Structures are given as structure tokens and as C-alpha cells.
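Report on the following structure.
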Protein chains: 2
Amino acid sequence: MLIGELAERAGVTAKTLRFYERQGLVPEPERTDGGYRDYAPEIVERVRFIKDAQASGFALVQVGEILAIRDDGHAPCGHVADLVDQRLTEVEARLRELRAVRSELRAIASRAETLAPDDCDDYCGLIAPAAAIAPAAPPRPSP
Amino acid sequence: MLIGELAERAGVTAKTLRFYERQGLVPEPERTDGGYRDYAPEIVERVRFIKDAQASGFALVQVGEILAIRDDGHAPCGHVADLVDQRLTEVEARLRELRAVRSELRAIASRAETLAPDDCDDYCGLIAPAAAIAPAAPPRPSP
DNA sequence: CTAAGCCTTCCCCTACGGTGGAAGGTCAAG
DNA sequence: CTTGACCTTCCACCGTAGGGGAAGGCTTAG
């Protein structure tokens, strides 16, 4: 199977497949006499798995770890459970940040309904008070 | 005021200030005879405003738009209200995505408690069903 | 005179997941 | 023989918000 066919069957582009190969997510396939990549049919499943794992919120590095364990002949379940915990922590942190930003934006929106432009003497009277409420990135612990 | 002093007063680095200048967020200041940037004192407020707007969830491009309106002598309130609506829409979309990812990760975590590694015959029995549930990026509308 | 502590410009690097394009090789059909 | 569709490699770039460090200039105190 040439790269174009694999790409179509797996729902990605050929560029993406070469990228995955460079990242070590997809093994280097055989080559035809002409130098074309010649994939075994089961690679389709591998690429689909990569897409599924991405859709579940894993970064490609993590997908790579899972695949590497699998390629070593082990069941990656334990490592996957660890990765899930990691990702859940990250995702929840990001959710908290975004909720803070959202409430800040909502506060601005509600101020916008009451503040007359004439009261706006600094750069923007709507925005200025923001820093006092949502210090998302604390300036203290700089590594 | 030289760049180091402005940096310290505004709570950013000198690198950041030069970056803001390149992005058009801070006007090019006068220069001393020696070629050093020499800022007017009120620039401190401008840089602080940039930080506040960032903390409220605006991207630097958007802060630039607000400042440009202000520099034109207008009150940017109307545009700010528009920007707030835009950002709210984006932030809420991102929140929905992240919530979907989170519930997907939770589903995997709960499957991990029941699935024995032996039942895991494909790449990872925990992950595979994901695509059916959380198709975050629809493959159809590709521009 | 010289060393320290500022400042200058310049270019590259980070993470993330690819995308775009140039220059050229391969393969099958007409 | 040529055209067109496919493939190859390599290099560069997208966005975001800067950071790292080199090589050199300015200023001031000792």
C-alpha cells in the first residue's frame, strides 16, 4: 500500500504520515524498487489508533509512549492509566484558567453596559481593574 | 527613563518591551545621545494596561487594536465590547472541547479499572472507542 | 585606564502538529 | 515520447509570546 492509499484509508494526509514517521509513531515501511514507501495493511489500524488517542486528549508524545510499550510486546494499560491521570490534571488546570478568563470577560461585558465612554479616562476603563481579579500566572515562582 | 527602569516599573522584561515595540503595542521612544531608548513616564501605564488586558484573556493583537483606537483619540469601549464577545465565544468553545476531552479521559480511567490487560487485543482497549464519542475536530469543513 | 553594569542589534530557539512549496524521480496509459 | 498522477527529499513556515545568547557600544565609578 502506497502512502496515498494509507492516508486516505486512515483519514490523514501523506504529509502527516511522513511526519508521524519522523516522530517515531509509525515505523519506517518497506520501499518499492522505485523508492516509494510500501505499507503493510495493518498500519491503517495504527494510524487510526493515533487519531483516536489524539481525540481522547493525548499529545503525540504520549501516543508514542503507548505505542512503544505495545511494540515492546507489553500491554500499555498501566502506563495509559498514568497518562490519563496526568492529562486529567493538566486539562483540569486549563479548565480552571479558562473559567477565570471567562468570568473576567463577563465582568468586562457587564461593565460595558453601565460605563459611559466619558468615564473612560485611562486606556480602557473596562479592562483596567482586571489584574486585581484574575492573576492567572503568578509572577513569584519564576524558575 | 531607560528600558530597564521601565521594565522593572511595569513588571516585564526589557526583551518583552522591545518585542512590544516591534509588535506596535508601544511606540518607538526617543533615543539618548548614546542610542538608548528613553521612555516618557506615562508609558509605564501603557505597559501595565497591556498586562491587564492580557490577564483578562485578550491576545496581544487585540490589545493592539484597543490601543490603536485609543491612540486615534477615540474611546475604544465599543470595539472592546465586540472583542469581549469574540473572546467569550472562543473561550466557551474551548471550554466545551476541554470538557469533552475530560469526560473522555474519565471514561478511559473508569474502563482502566475493569479491563484486564488480556482483553486488550488491539493497540489499547482503553482508548480505541474514543473516536466514536469525542470527535472534537470534524474532518469535513477543511478550508 | 579599566571594569562593571547598563544598553544596542541580530539571529536562532521553544512547544505543537503539522502545512506549503520547490526540485526532481517513478509509473502507467495514450 | 509525453503527460499526469503519484511519489521522493529538503527546507521553510504558521501562531503565540517571548527567551537565550553573541558581539559590540555607552556610561560611570574607582
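Every chain in the C-alpha cells takes a letter, A first, then B, and so on in the order presented; its residues are numbered from 1, and the ligands are numbered from 1 following the presented order.
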Checklist entry - Can you list, as number ranges by chain, every protein, DNA or RNA residue that comes within 12 Å of DC27 of chain C when you count only C-alpha atoms (C1' of nucleotides), leaving out same-chain residues fewer than 5 positions away? => result A: 32-36; D: 3-7
Checklist entry - Any idea which chain C residues end up within 12 Å of chain A if we count only C-alpha atoms (C1' of nucleotides), as an MDAnalysis selection string please? => result chainID C and resid 15:20 25:27
Fit chain B to chain A, using all C-alpha atoms paired in sequence order for the least-squares superposition, and then show me the result as a compact mmCIF listing (two decimals) with N, CA and C atoms, in the first residue's frame.
```
# COMPACT_ATOMS: atom_id res chain seq x y z
N MET B 1 1.06 -1.47 0.00
CA MET B 1 0.20 -0.30 0.03
C MET B 1 1.06 0.98 0.04
N LEU B 2 0.85 1.82 -0.95
CA LEU B 2 1.61 3.07 -1.01
C LEU B 2 1.03 4.10 -0.04
N ILE B 3 1.77 5.17 0.11
CA ILE B 3 1.41 6.11 1.17
C ILE B 3 0.06 6.78 0.93
N GLY B 4 -0.27 6.99 -0.34
CA GLY B 4 -1.55 7.64 -0.63
C GLY B 4 -2.73 6.77 -0.21
N GLU B 5 -2.59 5.49 -0.44
CA GLU B 5 -3.68 4.58 -0.08
C GLU B 5 -3.81 4.50 1.44
N LEU B 6 -2.68 4.35 2.11
CA LEU B 6 -2.72 4.33 3.57
C LEU B 6 -3.36 5.60 4.11
N ALA B 7 -2.96 6.71 3.51
CA ALA B 7 -3.50 8.00 3.95
C ALA B 7 -5.01 8.01 3.84
N GLU B 8 -5.49 7.57 2.69
CA GLU B 8 -6.93 7.61 2.48
C GLU B 8 -7.66 6.66 3.43
N ARG B 9 -7.10 5.46 3.58
CA ARG B 9 -7.77 4.48 4.45
C ARG B 9 -7.78 4.94 5.90
N ALA B 10 -6.73 5.60 6.31
CA ALA B 10 -6.65 5.97 7.73
C ALA B 10 -7.25 7.34 7.99
N GLY B 11 -7.52 8.07 6.93
CA GLY B 11 -8.14 9.37 7.13
C GLY B 11 -7.19 10.48 7.51
N VAL B 12 -5.97 10.39 7.00
CA VAL B 12 -4.99 11.46 7.22
C VAL B 12 -4.37 11.80 5.87
N THR B 13 -3.45 12.72 5.83
CA THR B 13 -2.77 13.03 4.58
C THR B 13 -1.42 12.32 4.53
N ALA B 14 -0.85 12.25 3.33
CA ALA B 14 0.47 11.64 3.19
C ALA B 14 1.52 12.43 3.97
N LYS B 15 1.37 13.74 3.94
CA LYS B 15 2.27 14.60 4.73
C LYS B 15 2.27 14.20 6.19
N THR B 16 1.08 13.98 6.70
CA THR B 16 0.94 13.61 8.10
C THR B 16 1.64 12.29 8.39
N LEU B 17 1.54 11.35 7.45
CA LEU B 17 2.18 10.05 7.67
C LEU B 17 3.70 10.18 7.70
N ARG B 18 4.23 11.00 6.79
CA ARG B 18 5.69 11.20 6.82
C ARG B 18 6.09 11.89 8.11
N PHE B 19 5.25 12.79 8.56
CA PHE B 19 5.50 13.47 9.83
C PHE B 19 5.48 12.48 10.98
N TYR B 20 4.49 11.59 11.01
CA TYR B 20 4.43 10.58 12.07
C TYR B 20 5.66 9.68 12.03
N GLU B 21 6.14 9.40 10.83
CA GLU B 21 7.33 8.55 10.72
C GLU B 21 8.53 9.27 11.35
N ARG B 22 8.69 10.55 11.03
CA ARG B 22 9.79 11.30 11.62
C ARG B 22 9.68 11.35 13.14
N GLN B 23 8.45 11.39 13.66
CA GLN B 23 8.24 11.46 15.10
C GLN B 23 8.35 10.08 15.75
N GLY B 24 8.51 9.05 14.94
CA GLY B 24 8.64 7.71 15.50
C GLY B 24 7.32 7.06 15.87
N LEU B 25 6.22 7.60 15.41
CA LEU B 25 4.91 7.02 15.74
C LEU B 25 4.57 5.87 14.80
N VAL B 26 5.10 5.93 13.60
CA VAL B 26 4.86 4.89 12.59
C VAL B 26 6.23 4.41 12.17
N PRO B 27 6.45 3.09 12.15
CA PRO B 27 7.78 2.58 11.78
C PRO B 27 8.09 2.85 10.32
N GLU B 28 9.37 2.92 10.01
CA GLU B 28 9.77 3.09 8.62
C GLU B 28 9.37 1.84 7.84
N PRO B 29 8.60 2.02 6.78
CA PRO B 29 8.13 0.86 6.02
C PRO B 29 9.19 0.39 5.03
N GLU B 30 8.91 -0.76 4.44
CA GLU B 30 9.71 -1.21 3.30
C GLU B 30 9.63 -0.17 2.19
N ARG B 31 10.53 -0.34 1.21
CA ARG B 31 10.46 0.52 0.03
C ARG B 31 10.31 -0.34 -1.21
N THR B 32 9.57 0.16 -2.17
CA THR B 32 9.52 -0.53 -3.47
C THR B 32 10.85 -0.31 -4.18
N ASP B 33 11.02 -0.99 -5.33
CA ASP B 33 12.25 -0.80 -6.10
C ASP B 33 12.42 0.67 -6.49
N GLY B 34 11.29 1.32 -6.70
CA GLY B 34 11.36 2.73 -7.09
C GLY B 34 11.59 3.68 -5.93
N GLY B 35 11.67 3.16 -4.69
CA GLY B 35 11.93 4.02 -3.55
C GLY B 35 10.67 4.49 -2.85
N TYR B 36 9.52 3.98 -3.27
CA TYR B 36 8.26 4.38 -2.62
C TYR B 36 8.07 3.63 -1.31
N ARG B 37 7.48 4.30 -0.33
CA ARG B 37 7.12 3.62 0.92
C ARG B 37 6.05 2.57 0.62
N ASP B 38 6.24 1.39 1.20
CA ASP B 38 5.32 0.27 0.94
C ASP B 38 4.86 -0.31 2.27
N TYR B 39 3.64 0.05 2.68
CA TYR B 39 3.18 -0.27 4.03
C TYR B 39 2.50 -1.62 4.12
N ALA B 40 2.69 -2.27 5.25
CA ALA B 40 1.91 -3.47 5.57
C ALA B 40 0.50 -3.03 5.92
N PRO B 41 -0.49 -3.87 5.60
CA PRO B 41 -1.88 -3.46 5.77
C PRO B 41 -2.25 -3.13 7.21
N GLU B 42 -1.61 -3.75 8.18
CA GLU B 42 -2.02 -3.52 9.58
C GLU B 42 -1.64 -2.12 10.08
N ILE B 43 -0.85 -1.42 9.28
CA ILE B 43 -0.48 -0.07 9.69
C ILE B 43 -1.70 0.85 9.73
N VAL B 44 -2.68 0.52 8.92
CA VAL B 44 -3.92 1.31 8.92
C VAL B 44 -4.46 1.41 10.35
N GLU B 45 -4.50 0.28 11.04
CA GLU B 45 -5.02 0.28 12.42
C GLU B 45 -4.18 1.15 13.33
N ARG B 46 -2.88 1.11 13.10
CA ARG B 46 -1.99 1.90 13.95
C ARG B 46 -2.29 3.38 13.78
N VAL B 47 -2.44 3.79 12.54
CA VAL B 47 -2.69 5.22 12.30
C VAL B 47 -4.06 5.61 12.85
N ARG B 48 -5.02 4.72 12.69
CA ARG B 48 -6.34 5.03 13.26
C ARG B 48 -6.26 5.14 14.78
N PHE B 49 -5.47 4.28 15.37
CA PHE B 49 -5.30 4.37 16.83
C PHE B 49 -4.72 5.72 17.22
N ILE B 50 -3.74 6.16 16.45
CA ILE B 50 -3.15 7.47 16.74
C ILE B 50 -4.23 8.56 16.71
N LYS B 51 -5.09 8.49 15.71
CA LYS B 51 -6.17 9.48 15.62
C LYS B 51 -7.13 9.37 16.80
N ASP B 52 -7.46 8.14 17.18
CA ASP B 52 -8.37 7.96 18.30
C ASP B 52 -7.77 8.53 19.58
N ALA B 53 -6.48 8.22 19.79
CA ALA B 53 -5.85 8.69 21.02
C ALA B 53 -5.80 10.21 21.03
N GLN B 54 -5.53 10.80 19.87
CA GLN B 54 -5.55 12.25 19.78
C GLN B 54 -6.92 12.81 20.13
N ALA B 55 -7.95 12.16 19.60
CA ALA B 55 -9.31 12.63 19.85
C ALA B 55 -9.66 12.50 21.33
N SER B 56 -8.99 11.58 22.02
CA SER B 56 -9.25 11.43 23.45
C SER B 56 -8.48 12.43 24.27
N GLY B 57 -7.70 13.28 23.61
CA GLY B 57 -7.04 14.34 24.35
C GLY B 57 -5.57 14.10 24.62
N PHE B 58 -4.97 13.08 23.99
CA PHE B 58 -3.55 12.85 24.19
C PHE B 58 -2.73 13.61 23.17
N ALA B 59 -1.59 14.09 23.58
CA ALA B 59 -0.64 14.70 22.66
C ALA B 59 0.11 13.58 21.94
N LEU B 60 0.70 13.91 20.80
CA LEU B 60 1.38 12.88 20.01
C LEU B 60 2.52 12.23 20.78
N VAL B 61 3.23 13.01 21.59
CA VAL B 61 4.31 12.40 22.39
C VAL B 61 3.77 11.29 23.26
N GLN B 62 2.61 11.53 23.84
CA GLN B 62 2.03 10.53 24.72
C GLN B 62 1.57 9.31 23.94
N VAL B 63 0.98 9.54 22.79
CA VAL B 63 0.61 8.42 21.93
C VAL B 63 1.85 7.61 21.59
N GLY B 64 2.94 8.32 21.34
CA GLY B 64 4.19 7.64 21.05
C GLY B 64 4.63 6.75 22.19
N GLU B 65 4.48 7.23 23.40
CA GLU B 65 4.86 6.42 24.56
C GLU B 65 4.03 5.14 24.62
N ILE B 66 2.72 5.29 24.42
CA ILE B 66 1.85 4.12 24.47
C ILE B 66 2.25 3.12 23.40
N LEU B 67 2.49 3.61 22.19
CA LEU B 67 2.86 2.72 21.10
C LEU B 67 4.19 2.04 21.37
N ALA B 68 5.10 2.78 21.97
CA ALA B 68 6.41 2.20 22.24
C ALA B 68 6.28 1.04 23.23
N ILE B 69 5.43 1.19 24.23
CA ILE B 69 5.22 0.11 25.19
C ILE B 69 4.61 -1.10 24.49
N ARG B 70 3.61 -0.80 23.67
CA ARG B 70 2.98 -1.87 22.89
C ARG B 70 4.02 -2.56 21.99
N ASP B 71 4.87 -1.78 21.36
CA ASP B 71 5.88 -2.35 20.46
C ASP B 71 6.90 -3.19 21.22
N ASP B 72 7.02 -2.90 22.51
CA ASP B 72 7.92 -3.69 23.35
C ASP B 72 7.26 -4.99 23.78
N GLY B 73 6.00 -5.17 23.41
CA GLY B 73 5.33 -6.43 23.74
C GLY B 73 4.54 -6.38 25.03
N HIS B 74 4.47 -5.20 25.67
CA HIS B 74 3.73 -5.10 26.92
C HIS B 74 2.37 -4.47 26.68
N ALA B 75 1.46 -4.72 27.62
CA ALA B 75 0.18 -4.02 27.59
C ALA B 75 0.39 -2.65 28.26
N PRO B 76 0.03 -1.60 27.55
CA PRO B 76 0.34 -0.26 28.07
C PRO B 76 -0.68 0.27 29.08
N CYS B 77 -1.61 -0.58 29.51
CA CYS B 77 -2.71 -0.10 30.34
C CYS B 77 -2.24 0.71 31.54
N GLY B 78 -1.23 0.22 32.22
CA GLY B 78 -0.78 0.92 33.42
C GLY B 78 -0.29 2.30 33.07
N HIS B 79 0.55 2.39 32.05
CA HIS B 79 1.06 3.69 31.65
C HIS B 79 -0.05 4.58 31.15
N VAL B 80 -0.99 3.99 30.43
CA VAL B 80 -2.11 4.78 29.94
C VAL B 80 -2.89 5.39 31.11
N ALA B 81 -3.08 4.60 32.15
CA ALA B 81 -3.78 5.13 33.32
C ALA B 81 -3.03 6.32 33.89
N ASP B 82 -1.69 6.21 33.96
CA ASP B 82 -0.90 7.34 34.44
C ASP B 82 -1.09 8.56 33.55
N LEU B 83 -0.99 8.31 32.24
CA LEU B 83 -1.12 9.42 31.29
C LEU B 83 -2.48 10.08 31.41
N VAL B 84 -3.50 9.25 31.61
CA VAL B 84 -4.85 9.80 31.75
C VAL B 84 -4.90 10.72 32.97
N ASP B 85 -4.28 10.29 34.06
CA ASP B 85 -4.28 11.14 35.25
C ASP B 85 -3.56 12.46 34.98
N GLN B 86 -2.40 12.34 34.33
CA GLN B 86 -1.66 13.56 33.98
C GLN B 86 -2.52 14.51 33.15
N ARG B 87 -3.08 13.97 32.08
CA ARG B 87 -3.86 14.82 31.17
C ARG B 87 -5.07 15.39 31.87
N LEU B 88 -5.69 14.60 32.72
CA LEU B 88 -6.85 15.11 33.44
C LEU B 88 -6.45 16.30 34.30
N THR B 89 -5.31 16.18 34.95
CA THR B 89 -4.85 17.30 35.78
C THR B 89 -4.62 18.54 34.93
N GLU B 90 -3.93 18.33 33.78
CA GLU B 90 -3.66 19.47 32.90
C GLU B 90 -4.95 20.08 32.38
N VAL B 91 -5.84 19.21 31.91
CA VAL B 91 -7.08 19.70 31.31
C VAL B 91 -7.91 20.44 32.36
N GLU B 92 -7.91 19.92 33.57
CA GLU B 92 -8.71 20.60 34.60
C GLU B 92 -8.09 21.94 34.97
N ALA B 93 -6.77 21.99 34.99
CA ALA B 93 -6.13 23.28 35.27
C ALA B 93 -6.49 24.29 34.19
N ARG B 94 -6.42 23.83 32.94
CA ARG B 94 -6.75 24.72 31.82
C ARG B 94 -8.22 25.15 31.89
N LEU B 95 -9.07 24.25 32.30
CA LEU B 95 -10.48 24.60 32.44
C LEU B 95 -10.66 25.68 33.49
N ARG B 96 -9.93 25.55 34.59
CA ARG B 96 -10.04 26.58 35.63
C ARG B 96 -9.57 27.92 35.09
N GLU B 97 -8.46 27.91 34.38
CA GLU B 97 -7.97 29.18 33.81
C GLU B 97 -9.01 29.80 32.89
N LEU B 98 -9.55 28.98 32.02
CA LEU B 98 -10.51 29.51 31.05
C LEU B 98 -11.77 30.00 31.73
N ARG B 99 -12.18 29.31 32.79
CA ARG B 99 -13.36 29.79 33.51
C ARG B 99 -13.07 31.14 34.15
N ALA B 100 -11.85 31.31 34.67
CA ALA B 100 -11.49 32.60 35.25
C ALA B 100 -11.51 33.68 34.18
N VAL B 101 -10.93 33.38 33.02
CA VAL B 101 -10.94 34.34 31.92
C VAL B 101 -12.37 34.67 31.51
N ARG B 102 -13.20 33.63 31.44
CA ARG B 102 -14.58 33.87 31.04
C ARG B 102 -15.29 34.79 32.03
N SER B 103 -15.08 34.56 33.32
CA SER B 103 -15.81 35.41 34.27
C SER B 103 -15.25 36.82 34.22
N GLU B 104 -13.96 36.93 33.92
CA GLU B 104 -13.39 38.27 33.77
C GLU B 104 -14.01 38.99 32.57
N LEU B 105 -14.13 38.27 31.48
CA LEU B 105 -14.74 38.87 30.28
C LEU B 105 -16.19 39.25 30.55
N ARG B 106 -16.88 38.41 31.29
CA ARG B 106 -18.27 38.74 31.61
C ARG B 106 -18.35 39.99 32.47
N ALA B 107 -17.41 40.10 33.39
CA ALA B 107 -17.41 41.29 34.25
C ALA B 107 -17.20 42.53 33.39
N ILE B 108 -16.28 42.43 32.43
CA ILE B 108 -16.06 43.58 31.55
C ILE B 108 -17.32 43.89 30.77
N ALA B 109 -17.97 42.84 30.27
CA ALA B 109 -19.18 43.05 29.49
C ALA B 109 -20.25 43.76 30.32
N SER B 110 -20.36 43.37 31.57
CA SER B 110 -21.42 44.01 32.37
C SER B 110 -21.02 45.44 32.74
N ARG B 111 -19.74 45.66 32.96
CA ARG B 111 -19.30 47.04 33.19
C ARG B 111 -19.57 47.90 31.96
N ALA B 112 -19.40 47.27 30.78
CA ALA B 112 -19.58 48.03 29.54
C ALA B 112 -20.99 48.58 29.42
N GLU B 113 -21.95 47.96 30.10
CA GLU B 113 -23.32 48.43 30.00
C GLU B 113 -23.58 49.64 30.88
N THR B 114 -22.74 49.83 31.88
CA THR B 114 -23.00 50.92 32.82
C THR B 114 -22.00 52.07 32.68
N LEU B 115 -20.77 51.76 32.25
CA LEU B 115 -19.75 52.80 32.22
C LEU B 115 -19.89 53.70 31.00
N ALA B 116 -20.00 54.97 31.23
CA ALA B 116 -20.02 55.93 30.13
C ALA B 116 -18.58 56.15 29.65
N PRO B 117 -18.40 56.33 28.35
CA PRO B 117 -17.06 56.55 27.80
C PRO B 117 -16.33 57.71 28.47
N ASP B 118 -17.08 58.68 29.01
CA ASP B 118 -16.44 59.83 29.63
C ASP B 118 -15.76 59.46 30.94
N ASP B 119 -16.28 58.42 31.58
CA ASP B 119 -15.68 58.00 32.84
C ASP B 119 -14.38 57.26 32.61
N CYS B 120 -14.09 57.00 31.35
CA CYS B 120 -12.96 56.17 30.97
C CYS B 120 -11.75 57.06 30.80
N ASP B 121 -11.01 57.26 31.88
CA ASP B 121 -9.92 58.23 31.81
C ASP B 121 -8.57 57.58 31.55
N ASP B 122 -8.41 56.34 31.90
CA ASP B 122 -7.15 55.66 31.59
C ASP B 122 -7.27 54.97 30.23
N TYR B 123 -6.47 53.94 30.00
CA TYR B 123 -6.49 53.32 28.68
C TYR B 123 -7.85 52.72 28.38
N CYS B 124 -8.40 52.07 29.40
CA CYS B 124 -9.74 51.52 29.22
C CYS B 124 -10.31 51.17 30.57
N GLY B 125 -11.27 51.94 30.99
CA GLY B 125 -11.86 51.77 32.31
C GLY B 125 -12.52 50.42 32.49
N LEU B 126 -12.80 49.78 31.37
CA LEU B 126 -13.44 48.47 31.47
C LEU B 126 -12.45 47.40 31.89
N ILE B 127 -11.24 47.57 31.44
CA ILE B 127 -10.28 46.48 31.59
C ILE B 127 -9.40 46.63 32.81
N ALA B 128 -9.08 47.83 33.15
CA ALA B 128 -8.03 48.05 34.15
C ALA B 128 -8.16 47.22 35.42
N PRO B 129 -9.33 47.07 36.01
CA PRO B 129 -9.38 46.37 37.30
C PRO B 129 -9.11 44.88 37.20
N ALA B 130 -8.90 44.40 36.00
CA ALA B 130 -8.85 42.96 35.80
C ALA B 130 -7.76 42.27 36.61
N ALA B 131 -6.58 42.83 36.60
CA ALA B 131 -5.44 42.16 37.19
C ALA B 131 -5.68 41.82 38.65
N ALA B 132 -6.51 42.63 39.31
CA ALA B 132 -6.79 42.38 40.72
C ALA B 132 -7.63 41.12 40.91
N ILE B 133 -8.28 40.68 39.84
CA ILE B 133 -9.22 39.58 39.98
C ILE B 133 -8.69 38.27 39.41
N ALA B 134 -8.04 38.36 38.25
CA ALA B 134 -7.66 37.12 37.56
C ALA B 134 -6.16 37.06 37.29
N PRO B 135 -5.36 36.89 38.33
CA PRO B 135 -3.92 36.72 38.09
C PRO B 135 -3.63 35.30 37.69
N ALA B 136 -3.85 35.01 36.41
CA ALA B 136 -3.77 33.63 35.94
C ALA B 136 -2.35 33.08 36.05
N ALA B 137 -1.37 33.88 35.61
CA ALA B 137 0.01 33.41 35.64
C ALA B 137 0.77 34.13 36.76
N PRO B 138 0.96 33.44 37.86
CA PRO B 138 1.67 34.06 38.99
C PRO B 138 3.11 34.37 38.62
N PRO B 139 3.56 35.61 38.84
CA PRO B 139 4.88 36.01 38.39
C PRO B 139 6.01 35.50 39.31
N ARG B 140 5.63 34.92 40.47
CA ARG B 140 6.67 34.51 41.41
C ARG B 140 7.48 33.30 40.97
N PRO B 141 6.87 32.16 40.74
CA PRO B 141 7.69 30.96 40.55
C PRO B 141 8.24 30.87 39.15
N SER B 142 9.19 31.74 38.82
CA SER B 142 9.84 31.64 37.51
C SER B 142 11.04 30.71 37.63
N PRO B 143 11.10 29.65 36.81
CA PRO B 143 12.18 28.65 36.90
C PRO B 143 13.45 29.27 36.42
```
Next on the checklist: So that I can check the secondary structure, give me every residue of chain A assigned helix (DSSP H, G or I) by backbone DSSP, as JSON, numbers by chain.
Outcome noted: {"A": [3, 4, 5, 6, 7, 8, 9, 10, 14, 15, 16, 17, 18, 19, 20, 21, 22, 43, 44, 45, 46, 47, 48, 49, 50, 51, 52, 53, 54, 55, 60, 61, 62, 63, 64, 65, 66, 67, 68, 69, 70, 71, 77, 78, 79, 80, 81, 82, 83, 84, 85, 86, 87, 88, 89, 90, 91, 92, 93, 94, 95, 96, 97, 98, 99, 100, 101, 102, 103, 104, 105, 106, 107, 108, 109, 110, 111, 112, 113, 114, 117, 118, 119, 128, 129, 130, 131, 132]}
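Interatomic distance, atom C1' of DG21 of chain D against atom C1' of DT14 of chain C: 14.2 Å.
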Next on the checklist: I'd like the neighbourhood of DA23 of chain D as a list in words, where a residue qualifies if any of its atoms comes within 12 Å (using only C-alpha atoms (C1' of nucleotides)), though same-chain residues fewer than 5 positions away should be ignored.
Outcome noted: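 Near DA23 of chain D, the qualifying residues are DT8, DT9, DC10 and DC11 of chain C.
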Convert the current residue selection to file output with N, CA and C atoms (P, O5', C5', C4', C3', O3' and C1' of nucleotides), as an mmCIF file, in the first residue's frame.
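Produced file part_25.cif, reproduced below:
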```cif
data_model
loop_
_atom_site.group_PDB
_atom_site.id
_atom_site.type_symbol
_atom_site.label_atom_id
_atom_site.label_comp_id
_atom_site.auth_asym_id
_atom_site.auth_seq_id
_atom_site.Cartn_x
_atom_site.Cartn_y
_atom_site.Cartn_z
ATOM 1 P P DT C 8 18.154 49.785 24.625
ATOM 2 O "O5'" DT C 8 19.188 49.405 23.475
ATOM 3 C "C5'" DT C 8 19.806 50.444 22.712
ATOM 4 C "C4'" DT C 8 20.691 49.843 21.627
ATOM 5 C "C3'" DT C 8 19.993 48.830 20.738
ATOM 6 O "O3'" DT C 8 19.289 49.484 19.700
ATOM 7 C "C1'" DT C 8 22.195 48.085 21.349
ATOM 8 P P DT C 9 18.146 48.693 18.926
ATOM 9 O "O5'" DT C 9 18.979 47.698 17.987
ATOM 10 C "C5'" DT C 9 19.899 48.214 17.032
ATOM 11 C "C4'" DT C 9 20.698 47.069 16.425
ATOM 12 C "C3'" DT C 9 19.843 46.086 15.621
ATOM 13 O "O3'" DT C 9 20.407 45.897 14.333
ATOM 14 C "C1'" DT C 9 21.142 44.916 17.248
ATOM 15 P P DC C 10 19.482 45.191 13.217
ATOM 16 O "O5'" DC C 10 19.921 43.660 13.366
ATOM 17 C "C5'" DC C 10 21.310 43.319 13.313
ATOM 18 C "C4'" DC C 10 21.475 41.832 13.604
ATOM 19 C "C3'" DC C 10 20.332 40.970 13.071
ATOM 20 O "O3'" DC C 10 20.772 40.203 11.964
ATOM 21 C "C1'" DC C 10 20.953 40.362 15.316
ATOM 22 P P DC C 11 19.639 39.448 11.054
ATOM 23 O "O5'" DC C 11 19.766 37.949 11.561
ATOM 24 C "C5'" DC C 11 21.044 37.420 11.958
ATOM 25 C "C4'" DC C 11 20.820 36.257 12.884
ATOM 26 C "C3'" DC C 11 19.674 35.339 12.452
ATOM 27 O "O3'" DC C 11 20.184 34.041 12.208
ATOM 28 C "C1'" DC C 11 19.550 35.838 14.773
#
```
Dump as JSON lines the rows for residues of chain D within 9 Å of chain B: closest atom pair and distance in Å with one decimal, only C-alpha atoms (C1' of nucleotides) counted, ordered by chain and rising residue number.
```
{"residue": "D:DT16", "atom": "C1'", "partner": "B:Ala59", "partner_atom": "CA", "distance": 8.7}
{"residue": "D:DA17", "atom": "C1'", "partner": "B:Leu60", "partner_atom": "CA", "distance": 8.6}
{"residue": "D:DG18", "atom": "C1'", "partner": "B:Thr16", "partner_atom": "CA", "distance": 6.4}
{"residue": "D:DG19", "atom": "C1'", "partner": "B:Lys15", "partner_atom": "CA", "distance": 8.1}
{"residue": "D:DG25", "atom": "C1'", "partner": "B:Gly34", "partner_atom": "CA", "distance": 8.2}
{"residue": "D:DC26", "atom": "C1'", "partner": "B:Gly34", "partner_atom": "CA", "distance": 5.9}
```
Save the residues we just selected, C-alpha atoms (C1' of nucleotides), as a PDB file, in the first residue's frame?
```
ATOM      1  C1'  DT D  16       1.846  32.727  20.486  1.00  0.00           C
ATOM      2  C1'  DA D  17       4.650  35.351  23.493  1.00  0.00           C
ATOM      3  C1'  DG D  18       8.521  35.965  24.182  1.00  0.00           C
ATOM      4  C1'  DG D  19      13.681  33.801  25.896  1.00  0.00           C
ATOM      5  C1'  DG D  25      28.657  50.269  22.307  1.00  0.00           C
ATOM      6  C1'  DC D  26      27.763  53.686  26.360  1.00  0.00           C
TER       7       DC D  26
END
```
Could you go through segment 4-133 of chain B and tell me which residues DSSP, when run on the backbone, assigns to strand (DSSP E or B), listing them as a PDB file with C-alpha atoms, in the first residue's frame?
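Saved to part-v9.pdb:
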```pdb
ATOM      1  CA  GLU B  30      13.156  58.906  21.897  1.00  0.00           C
ATOM      2  CA  ARG B  31      16.795  57.922  21.998  1.00  0.00           C
ATOM      3  CA  ARG B  37      15.674  54.079  24.360  1.00  0.00           C
ATOM      4  CA  ASP B  38      14.408  56.925  26.542  1.00  0.00           C
TER       5      ASP B  38
END
```
